[in-house]
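Note: the block below is query20.cif and it holds mmCIF, C-alpha atoms.
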data_start
loop_
_atom_site.label_atom_id
_atom_site.label_comp_id
_atom_site.auth_asym_id
_atom_site.auth_seq_id
_atom_site.Cartn_x
_atom_site.Cartn_y
_atom_site.Cartn_z
CA MET A 1454 36.12 27.07 35.92
CA ASN A 1455 33.20 28.63 34.17
CA THR A 1456 29.95 26.78 34.19
CA PHE A 1457 28.83 28.61 31.05
CA PRO A 1458 30.52 28.16 27.67
CA ILE A 1459 31.27 30.69 24.96
CA LYS A 1460 28.06 31.40 23.04
CA ILE A 1461 27.90 32.39 19.37
CA ILE A 1462 24.56 32.80 17.68
CA ASN A 1463 23.35 34.70 14.66
CA PHE A 1464 20.51 37.00 15.58
CA LYS A 1465 18.35 35.44 12.84
CA ASN A 1466 18.50 32.12 14.71
CA VAL A 1467 17.22 33.57 17.98
CA ARG A 1468 13.55 33.13 18.82
CA ILE A 1469 11.63 36.29 18.01
CA GLY A 1470 8.88 37.58 20.27
CA GLU A 1471 6.36 40.36 19.96
CA VAL A 1472 6.69 43.10 22.57
CA LYS A 1473 3.27 43.24 24.21
CA GLU A 1474 3.86 45.95 26.78
CA PRO A 1475 1.01 48.50 26.67
CA GLY A 1476 1.91 51.50 24.53
CA THR A 1477 3.90 49.42 22.06
CA GLN A 1478 3.15 48.99 18.36
CA GLY A 1479 4.89 46.81 15.80
CA VAL A 1480 7.96 45.86 17.87
CA THR A 1481 9.71 42.50 18.13
CA VAL A 1482 12.57 41.49 20.40
CA ARG A 1483 15.22 38.79 20.38
CA TRP A 1484 17.28 38.15 23.51
CA LEU A 1485 20.81 37.54 22.20
CA ILE A 1486 22.74 37.29 25.49
CA SER A 1487 21.12 37.08 28.90
CA GLN A 1488 21.42 35.71 32.40
CA LYS A 1489 20.45 32.30 30.99
CA ASP A 1490 23.77 32.28 29.13
CA GLY A 1491 25.67 33.15 32.30
CA ALA A 1492 25.96 36.86 31.53
CA PRO A 1493 26.91 38.31 34.91
CA ASN A 1494 26.27 42.01 34.41
CA PHE A 1495 24.21 43.00 31.35
CA ALA A 1496 21.95 41.58 28.66
CA MET A 1497 21.89 42.20 24.89
CA ARG A 1498 18.64 42.31 22.94
CA ILE A 1499 17.83 43.28 19.37
CA PHE A 1500 14.63 45.16 18.58
CA GLU A 1501 12.95 45.56 15.20
CA VAL A 1502 10.39 48.32 14.86
CA GLU A 1503 8.06 48.30 11.85
CA PRO A 1504 7.28 51.46 9.92
CA SER A 1505 5.01 53.61 12.15
CA GLY A 1506 5.82 51.35 15.13
CA PHE A 1507 7.04 52.52 18.53
CA THR A 1508 8.23 51.33 21.92
CA PRO A 1509 6.35 52.55 25.02
CA TYR A 1510 7.00 56.06 26.27
CA HIS A 1511 8.21 55.37 29.78
CA LYS A 1512 11.03 55.60 32.26
CA HIS A 1513 12.64 53.18 34.66
CA ALA A 1514 15.47 52.93 37.14
CA TRP A 1515 17.96 51.34 34.73
CA GLU A 1516 19.88 52.64 31.75
CA HIS A 1517 19.81 51.69 28.07
CA GLU A 1518 22.81 51.43 25.80
CA VAL A 1519 21.68 51.31 22.19
CA PHE A 1520 23.34 50.96 18.80
CA ILE A 1521 21.35 51.55 15.62
CA LEU A 1522 21.88 48.77 13.07
CA GLU A 1523 19.41 49.66 10.33
CA GLY A 1524 16.99 52.35 9.31
CA ARG A 1525 15.97 55.64 10.84
CA GLY A 1526 13.87 56.63 13.79
CA ILE A 1527 13.22 59.15 16.52
CA LEU A 1528 14.12 59.11 20.19
CA VAL A 1529 11.34 60.88 22.07
CA THR A 1530 12.35 62.16 25.49
CA GLY A 1531 10.80 64.38 28.15
CA GLU A 1532 12.54 67.41 26.68
CA LYS A 1533 12.89 66.98 22.94
CA ASN A 1534 13.03 64.53 20.06
CA PHE A 1535 16.26 63.35 18.50
CA PRO A 1536 16.66 61.81 15.03
CA LEU A 1537 18.45 58.45 14.98
CA LYS A 1538 20.20 56.70 12.13
CA LYS A 1539 22.42 53.71 11.43
CA GLY A 1540 25.69 53.85 13.34
CA ASP A 1541 24.37 56.02 16.17
CA ALA A 1542 25.12 55.00 19.75
CA VAL A 1543 22.58 56.13 22.36
CA PHE A 1544 22.94 56.29 26.13
CA VAL A 1545 19.64 56.73 28.00
CA PRO A 1546 20.47 57.30 31.69
CA PRO A 1547 18.30 55.79 34.43
CA ASP A 1548 15.00 57.58 35.16
CA GLU A 1549 14.85 59.39 31.79
CA ASN A 1550 11.62 59.27 29.83
CA HIS A 1551 12.19 57.73 26.41
CA GLN A 1552 10.48 56.16 23.41
CA PHE A 1553 11.89 54.82 20.15
CA LYS A 1554 9.70 55.48 17.09
CA ASN A 1555 10.07 54.45 13.48
CA ASP A 1556 9.04 57.36 11.29
CA SER A 1557 10.43 55.84 8.08
CA ASN A 1558 9.24 53.34 5.49
CA GLU A 1559 11.95 50.83 6.36
CA LYS A 1560 12.54 48.60 9.36
CA PHE A 1561 14.23 50.36 12.29
CA VAL A 1562 16.58 47.92 14.00
CA PHE A 1563 18.75 48.44 17.07
CA ILE A 1564 20.61 46.62 19.79
CA CYS A 1565 19.63 47.59 23.32
CA LEU A 1566 21.54 46.53 26.43
CA ILE A 1567 20.29 46.64 29.99
CA PRO A 1568 21.88 45.74 33.32
CA ILE A 1569 21.01 42.43 34.91
CA GLU A 1570 19.19 42.91 38.14
CA LYS A 1571 21.34 41.94 41.08
CA ARG A 1572 19.40 40.50 43.99
CA PRO A 1573 21.68 40.62 47.01
CA MET B 1334 17.88 64.01 38.97
CA ASN B 1335 20.52 62.67 36.66
CA THR B 1336 23.71 64.56 36.40
CA PHE B 1337 24.36 63.04 32.97
CA PRO B 1338 22.21 63.76 29.92
CA ILE B 1339 21.06 61.49 27.12
CA LYS B 1340 23.95 60.97 24.72
CA ILE B 1341 23.61 60.34 20.99
CA ILE B 1342 26.67 60.11 18.80
CA ASN B 1343 27.41 58.49 15.48
CA PHE B 1344 30.36 56.15 15.77
CA LYS B 1345 32.11 57.95 12.92
CA ASN B 1346 32.25 61.08 15.09
CA VAL B 1347 33.96 59.34 17.99
CA ARG B 1348 37.72 59.72 18.35
CA ILE B 1349 39.49 56.68 16.98
CA GLY B 1350 42.52 55.20 18.70
CA GLU B 1351 44.96 52.49 17.78
CA VAL B 1352 44.98 49.52 20.15
CA LYS B 1353 48.59 49.24 21.26
CA GLU B 1354 48.36 46.29 23.63
CA PRO B 1355 51.13 43.79 22.88
CA GLY B 1356 49.93 40.99 20.61
CA THR B 1357 47.62 43.29 18.66
CA GLN B 1358 47.85 44.06 14.94
CA GLY B 1359 45.78 46.48 12.88
CA VAL B 1360 43.05 47.19 15.44
CA THR B 1361 41.36 50.49 16.26
CA VAL B 1362 38.87 51.28 18.99
CA ARG B 1363 36.25 53.95 19.58
CA TRP B 1364 34.65 54.28 23.03
CA LEU B 1365 30.98 54.99 22.28
CA ILE B 1366 29.54 54.93 25.81
CA SER B 1367 31.62 54.83 28.98
CA GLN B 1368 31.83 55.87 32.59
CA LYS B 1369 32.62 59.40 31.37
CA ASP B 1370 29.06 59.57 30.01
CA GLY B 1371 27.62 58.41 33.33
CA ALA B 1372 27.20 54.78 32.28
CA PRO B 1373 26.74 53.02 35.60
CA ASN B 1374 27.26 49.37 34.67
CA PHE B 1375 28.86 48.71 31.28
CA ALA B 1376 30.74 50.38 28.45
CA MET B 1377 30.25 50.10 24.67
CA ARG B 1378 33.20 50.19 22.27
CA ILE B 1379 33.51 49.57 18.54
CA PHE B 1380 36.54 47.78 17.14
CA GLU B 1381 37.73 47.71 13.54
CA VAL B 1382 40.19 45.00 12.59
CA GLU B 1383 42.08 45.34 9.30
CA PRO B 1384 42.56 42.36 6.98
CA SER B 1385 45.09 40.03 8.67
CA GLY B 1386 44.72 42.01 11.92
CA PHE B 1387 43.99 40.52 15.34
CA THR B 1388 43.30 41.37 18.96
CA PRO B 1389 45.59 39.89 21.64
CA TYR B 1390 45.11 36.27 22.64
CA HIS B 1391 44.41 36.62 26.32
CA LYS B 1392 41.96 36.13 29.15
CA HIS B 1393 40.73 38.34 31.97
CA ALA B 1394 38.27 38.31 34.84
CA TRP B 1395 35.50 40.11 32.95
CA GLU B 1396 33.16 39.09 30.18
CA HIS B 1397 32.70 40.38 26.62
CA GLU B 1398 29.40 40.82 24.84
CA VAL B 1399 30.04 41.29 21.13
CA PHE B 1400 27.91 41.93 18.04
CA ILE B 1401 29.43 41.64 14.58
CA LEU B 1402 28.56 44.63 12.40
CA GLU B 1403 30.63 44.04 9.27
CA GLY B 1404 32.86 41.46 7.69
CA ARG B 1405 34.06 38.05 8.73
CA GLY B 1406 36.55 36.80 11.26
CA ILE B 1407 37.55 34.05 13.62
CA LEU B 1408 37.18 33.75 17.37
CA VAL B 1409 40.20 31.84 18.67
CA THR B 1410 39.66 30.23 22.07
CA GLY B 1411 41.55 27.80 24.25
CA GLU B 1412 39.62 24.90 22.77
CA LYS B 1413 38.75 25.67 19.18
CA ASN B 1414 38.20 28.36 16.58
CA PHE B 1415 34.78 29.66 15.61
CA PRO B 1416 33.91 31.51 12.39
CA LEU B 1417 32.17 34.85 12.90
CA LYS B 1418 30.05 36.87 10.51
CA LYS B 1419 27.77 39.89 10.40
CA GLY B 1420 24.80 39.52 12.73
CA ASP B 1421 26.49 37.13 15.14
CA ALA B 1422 26.27 37.79 18.87
CA VAL B 1423 29.14 36.46 20.98
CA PHE B 1424 29.32 35.94 24.73
CA VAL B 1425 32.83 35.37 26.06
CA PRO B 1426 32.54 34.45 29.77
CA PRO B 1427 35.08 35.72 32.31
CA ASP B 1428 38.43 33.88 32.38
CA GLU B 1429 38.08 32.38 28.88
CA ASN B 1430 41.01 32.70 26.50
CA HIS B 1431 39.96 34.57 23.35
CA GLN B 1432 41.25 36.40 20.30
CA PHE B 1433 39.41 38.04 17.40
CA LYS B 1434 41.14 37.67 14.03
CA ASN B 1435 40.27 39.03 10.63
CA ASP B 1436 40.96 36.33 8.05
CA SER B 1437 39.15 38.13 5.22
CA ASN B 1438 39.99 40.87 2.72
CA GLU B 1439 37.44 43.29 4.20
CA LYS B 1440 37.29 45.22 7.44
CA PHE B 1441 36.02 43.19 10.39
CA VAL B 1442 33.95 45.45 12.65
CA PHE B 1443 32.23 44.64 15.93
CA ILE B 1444 30.78 46.17 19.04
CA CYS B 1445 32.24 44.88 22.30
CA LEU B 1446 30.79 45.66 25.72
CA ILE B 1447 32.53 45.23 29.06
CA PRO B 1448 31.43 45.80 32.64
CA ILE B 1449 32.54 48.95 34.39
CA GLU B 1450 34.81 48.22 37.29
CA LYS B 1451 33.09 48.92 40.58
CA ARG B 1452 35.38 50.09 43.31
CA PRO B 1453 33.54 49.68 46.62
#
Take the structure in the file and write it out as structure tokens.
Amino acid sequence: MNTFPIKIINFKNVRIGEVKEPGTQGVTVRWLISQKDGAPNFAMRIFEVEPSGFTPYHKHAWEHEVFILEGRGILVTGEKNFPLKKGDAVFVPPDENHQFKNDSNEKFVFICLIPIEKRP
Amino acid sequence: MNTFPIKIINFKNVRIGEVKEPGTQGVTVRWLISQKDGAPNFAMRIFEVEPSGFTPYHKHAWEHEVFILEGRGILVTGEKNFPLKKGDAVFVPPDENHQFKNDSNEKFVFICLIPIEKRP
């Protein structure tokens, strides 16, 4: 038997938090599905980036899987910049430098999934 | 060094396939991010369910993490049915019976992520 039930929640009803990591501007996050819900392998968040906002330029040992829901932006990487638009899926492998920037006048909104850290 | 590069692809440019699993009607799938892209932990697919279409009613040992992109539908489970609409996130734990049905006159479109099977 599962100890965690099916969860259904509209993203608008999820608590919104400001991303305060240094190098961030105008970004909020909502955790839609996480370890707290019993998710065994990966977590789903939704990010909203204001016009001229950006996530930190950084890299880390885990991957991102992203789907663009609204607006337009730029993925900055160590090698080049890529335009992003609604309906784009993005795979950022582990240890790749990356930053998501909103260079438009509209909100830039995307889902971003990360693996749940397994502590053996 | 990574052997896999950053991947960016619009879902419309991903090969579409009909889901032929028994108990399915009017469902297509596109694999946006998978093990073939170097994804180490989980895979992202997008499903489109035609009006009156449905995915199979079944259960399996892995979880689903879903985000509704367009339209309206119903999540059928072993206990009850839940209405689904755009912007809903859905966590279906492992070993839970589930089926996604389109009971509207519009396309019902959602992202569905699954863990990648690890063979030790």
Inset, instruction - For the file shown, report as a PyMOL selection string the outcome of the PyMOL selection byres ((chain A and resi 1535-1544) around 8) at residue level. - result: (chain A and resi 1516-1529+1533-1534+1545-1546) or (chain B and resi 1339-1345+1365-1366+1370+1372)
Inset, instruction - Tell me, as an MDAnalysis selection string, which residues lie within 8 Å of B:Tyr1390, counting all atoms listed in the file; anything in the same chain fewer than 2 positions away does not count. - result: chainID B and resid 1356 1388 1392 1409 1430:1433
Legend entry - Explicit residue set for the PyMOL selection byres ((chain A and resi 1494) around 8), as a ChimeraX atom specification: /A:1492-1493,1495-1496,1568-1569 /B:1374-1375,1448
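What the PyMOL selection byres ((chain B and resi 1362) around 10) picks from this file is B:Val1347, B:Arg1348, B:Ile1349, B:Gly1350, B:Glu1351, B:Val1352, B:Val1360, B:Thr1361, B:Arg1363, B:Trp1364, B:Leu1365, B:Arg1378, B:Ile1379, B:Phe1380, B:Glu1381, B:Val1382, B:Val1442, B:Phe1443, B:Ile1444, B:Cys1445.
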Inset, instruction - Please indicate the distance in Å from atom CA of B:Leu1446 to atom CA of A:Leu1566, rounded to one decimal place. - result: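 For atom CA of B:Leu1446 relative to atom CA of A:Leu1566, the distance reads 9.3 Å.
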Inset, instruction - Work out how far atom CA of A:Asn1466 is from atom CA of A:Lys1571, in Å to one decimal. - result: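 Spanning atom CA of A:Lys1571 to atom CA of A:Asn1466 is a straight-line distance of 28.3 Å.
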As JSON, please: the centre and edge lengths in Å, to one decimal, of an axis-aligned box enclosing every listed atom of stretch 1471-1483 of chain A with 6 Å added on each side.
{"center_x": 8.1, "center_y": 45.1, "center_z": 21.3, "size_x": 26.2, "size_y": 24.7, "size_z": 23.0}
Inset, instruction - Could you please determine the separation between atom CA of B:Pro1384 and atom CA of B:Thr1410 in Å, to one decimal place? - result: 19.6 Å
Legend entry - B:Gly1371, B:Pro1338, B:Pro1389, B:Gly1411 ranked by distance to B:Glu1429, top pick (using only C-alpha atoms): B:Gly1411
Inset, instruction - Measuring atom to atom with only C-alpha atoms, identify which of B:Lys1440, B:Thr1357, B:Glu1450, B:Thr1336 is nearest to B:Ala1394. - result: B:Glu1450
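If you measure from each of A:Met1497, A:His1511, A:Phe1561, A:Glu1474 to chain B using only C-alpha atoms, the closest one turns out to be A:Met1497.
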